Amino acid sequence: MDKLKELYFKYKEIINYLIVGGLTTVVSLGVYFLCVSTFCDPTSPLQLQIANVISWIAAVTFAFFTNRKYVFESTGKNIWAEAGKFYISRVSTLGIDMLIMFITVTVLGMNDKVAKLIVQVVVTITNYIFSKYLVFNKKRS
């Protein structure tokens, strides 16, 4: 048990980041399914995208607060500046996601599910780097 504790504390930030990421995925899916089962018709292209955007906003908002508190343990006084940087970084990784999907699937003809798995790894790592060094950078707080 002591070895497990030691490993946790050695890799605490990364472990907490992965846990929060899993919970963020649950929030995203839960909000999306709530939207399409109550007020959005997924057969309507516009309403489908509305449900998708609402779930993205809910997930990123959840991710901001949980990353701030449990992963990076930020004590920065300007929460609005951190939130702005967090949302901008997440929009940029959404763009990276879309670009890689376009190149791998549309241009190169890769299987979309394989491409999406690759994209998730790239986006997860990029989100971590952006959050650690640009958003919750303790040296600049």
# chains A, B, ... in the order shown; residues from 1 in each chain; ligands from 1

$ select_by_dssp --residues "range 8-119 of chain A" --states "alpha helix (DSSP H)" --output "MDAnalysis selection string"
chainID A and resid 8:10 12:38 45:66 79:101 112:119

$ write_last_selection --atoms "C-alpha atoms" --output "PDB file, in the first residue's frame"
ATOM      1  CA  TYR A   8       0.377   8.232  -6.596  1.00  0.00           C
ATOM      2  CA  PHE A   9       2.198  11.171  -5.016  1.00  0.00           C
ATOM      3  CA  LYS A  10       5.039  10.889  -7.517  1.00  0.00           C
ATOM      4  CA  LYS A  12      -0.267  12.882  -8.667  1.00  0.00           C
ATOM      5  CA  GLU A  13      -0.760  15.649 -11.228  1.00  0.00           C
ATOM      6  CA  ILE A  14      -0.890  13.279 -14.206  1.00  0.00           C
ATOM      7  CA  ILE A  15      -3.102  10.737 -12.412  1.00  0.00           C
ATOM      8  CA  ASN A  16      -5.525  13.458 -11.297  1.00  0.00           C
ATOM      9  CA  TYR A  17      -5.488  14.907 -14.830  1.00  0.00           C
ATOM     10  CA  LEU A  18      -6.513  11.536 -16.285  1.00  0.00           C
ATOM     11  CA  ILE A  19      -9.240  11.075 -13.638  1.00  0.00           C
ATOM     12  CA  VAL A  20     -10.612  14.568 -14.264  1.00  0.00           C
ATOM     13  CA  GLY A  21     -10.439  13.875 -18.011  1.00  0.00           C
ATOM     14  CA  GLY A  22     -12.527  10.744 -17.567  1.00  0.00           C
ATOM     15  CA  LEU A  23     -15.079  12.650 -15.496  1.00  0.00           C
ATOM     16  CA  THR A  24     -15.091  15.429 -18.103  1.00  0.00           C
ATOM     17  CA  THR A  25     -15.963  12.829 -20.741  1.00  0.00           C
ATOM     18  CA  VAL A  26     -18.853  11.634 -18.555  1.00  0.00           C
ATOM     19  CA  VAL A  27     -20.097  15.241 -18.227  1.00  0.00           C
ATOM     20  CA  SER A  28     -19.839  15.770 -21.985  1.00  0.00           C
ATOM     21  CA  LEU A  29     -21.722  12.584 -22.832  1.00  0.00           C
ATOM     22  CA  GLY A  30     -24.282  13.094 -20.063  1.00  0.00           C
ATOM     23  CA  VAL A  31     -25.124  16.639 -21.149  1.00  0.00           C
ATOM     24  CA  TYR A  32     -25.245  15.608 -24.812  1.00  0.00           C
ATOM     25  CA  PHE A  33     -27.621  12.703 -24.086  1.00  0.00           C
ATOM     26  CA  LEU A  34     -29.733  14.918 -21.836  1.00  0.00           C
ATOM     27  CA  CYS A  35     -30.032  17.504 -24.630  1.00  0.00           C
ATOM     28  CA  VAL A  36     -30.984  15.001 -27.344  1.00  0.00           C
ATOM     29  CA  SER A  37     -33.434  13.187 -25.093  1.00  0.00           C
ATOM     30  CA  THR A  38     -35.245  16.338 -23.950  1.00  0.00           C
ATOM     31  CA  PRO A  45     -28.454  18.924 -38.238  1.00  0.00           C
ATOM     32  CA  LEU A  46     -28.786  22.273 -36.451  1.00  0.00           C
ATOM     33  CA  GLN A  47     -30.184  20.810 -33.230  1.00  0.00           C
ATOM     34  CA  LEU A  48     -27.555  18.058 -33.290  1.00  0.00           C
ATOM     35  CA  GLN A  49     -24.818  20.714 -33.369  1.00  0.00           C
ATOM     36  CA  ILE A  50     -26.584  22.739 -30.655  1.00  0.00           C
ATOM     37  CA  ALA A  51     -26.542  19.657 -28.389  1.00  0.00           C
ATOM     38  CA  ASN A  52     -22.890  19.075 -29.261  1.00  0.00           C
ATOM     39  CA  VAL A  53     -21.899  22.690 -28.492  1.00  0.00           C
ATOM     40  CA  ILE A  54     -23.834  22.704 -25.203  1.00  0.00           C
ATOM     41  CA  SER A  55     -22.115  19.483 -24.142  1.00  0.00           C
ATOM     42  CA  TRP A  56     -18.690  20.910 -25.129  1.00  0.00           C
ATOM     43  CA  ILE A  57     -19.296  24.090 -23.092  1.00  0.00           C
ATOM     44  CA  ALA A  58     -20.448  22.071 -20.065  1.00  0.00           C
ATOM     45  CA  ALA A  59     -17.464  19.720 -20.317  1.00  0.00           C
ATOM     46  CA  VAL A  60     -14.891  22.501 -20.721  1.00  0.00           C
ATOM     47  CA  THR A  61     -16.422  24.451 -17.829  1.00  0.00           C
ATOM     48  CA  PHE A  62     -16.325  21.352 -15.621  1.00  0.00           C
ATOM     49  CA  ALA A  63     -12.743  20.660 -16.769  1.00  0.00           C
ATOM     50  CA  PHE A  64     -11.645  24.205 -15.942  1.00  0.00           C
ATOM     51  CA  PHE A  65     -12.846  24.136 -12.340  1.00  0.00           C
ATOM     52  CA  THR A  66     -11.700  20.576 -11.623  1.00  0.00           C
ATOM     53  CA  ILE A  79      -9.700  33.338 -12.168  1.00  0.00           C
ATOM     54  CA  TRP A  80     -11.122  35.164 -15.218  1.00  0.00           C
ATOM     55  CA  ALA A  81      -7.692  35.343 -16.878  1.00  0.00           C
ATOM     56  CA  GLU A  82      -7.148  31.646 -16.190  1.00  0.00           C
ATOM     57  CA  ALA A  83     -10.606  30.795 -17.522  1.00  0.00           C
ATOM     58  CA  GLY A  84     -10.004  32.832 -20.683  1.00  0.00           C
ATOM     59  CA  LYS A  85      -6.682  31.117 -21.328  1.00  0.00           C
ATOM     60  CA  PHE A  86      -8.251  27.729 -20.588  1.00  0.00           C
ATOM     61  CA  TYR A  87     -11.116  28.221 -23.053  1.00  0.00           C
ATOM     62  CA  ILE A  88      -8.773  29.588 -25.744  1.00  0.00           C
ATOM     63  CA  SER A  89      -6.454  26.618 -25.299  1.00  0.00           C
ATOM     64  CA  ARG A  90      -9.382  24.186 -25.545  1.00  0.00           C
ATOM     65  CA  VAL A  91     -10.696  25.887 -28.676  1.00  0.00           C
ATOM     66  CA  SER A  92      -7.217  25.613 -30.190  1.00  0.00           C
ATOM     67  CA  THR A  93      -7.022  21.880 -29.427  1.00  0.00           C
ATOM     68  CA  LEU A  94     -10.495  21.492 -30.937  1.00  0.00           C
ATOM     69  CA  GLY A  95      -8.991  23.036 -34.075  1.00  0.00           C
ATOM     70  CA  ILE A  96      -6.043  20.614 -33.878  1.00  0.00           C
ATOM     71  CA  ASP A  97      -8.539  17.757 -33.492  1.00  0.00           C
ATOM     72  CA  MET A  98     -10.478  18.849 -36.562  1.00  0.00           C
ATOM     73  CA  LEU A  99      -7.311  19.415 -38.630  1.00  0.00           C
ATOM     74  CA  ILE A 100      -5.836  16.003 -37.810  1.00  0.00           C
ATOM     75  CA  MET A 101      -9.182  14.303 -38.504  1.00  0.00           C
ATOM     76  CA  ASP A 112     -12.072   7.407 -38.752  1.00  0.00           C
ATOM     77  CA  LYS A 113     -12.133   5.404 -35.508  1.00  0.00           C
ATOM     78  CA  VAL A 114      -8.380   4.754 -35.602  1.00  0.00           C
ATOM     79  CA  ALA A 115      -7.781   8.412 -36.476  1.00  0.00           C
ATOM     80  CA  LYS A 116     -10.004   9.556 -33.593  1.00  0.00           C
ATOM     81  CA  LEU A 117      -8.048   7.414 -31.125  1.00  0.00           C
ATOM     82  CA  ILE A 118      -4.791   8.967 -32.352  1.00  0.00           C
ATOM     83  CA  VAL A 119      -6.340  12.434 -32.143  1.00  0.00           C
TER      84      VAL A 119
END
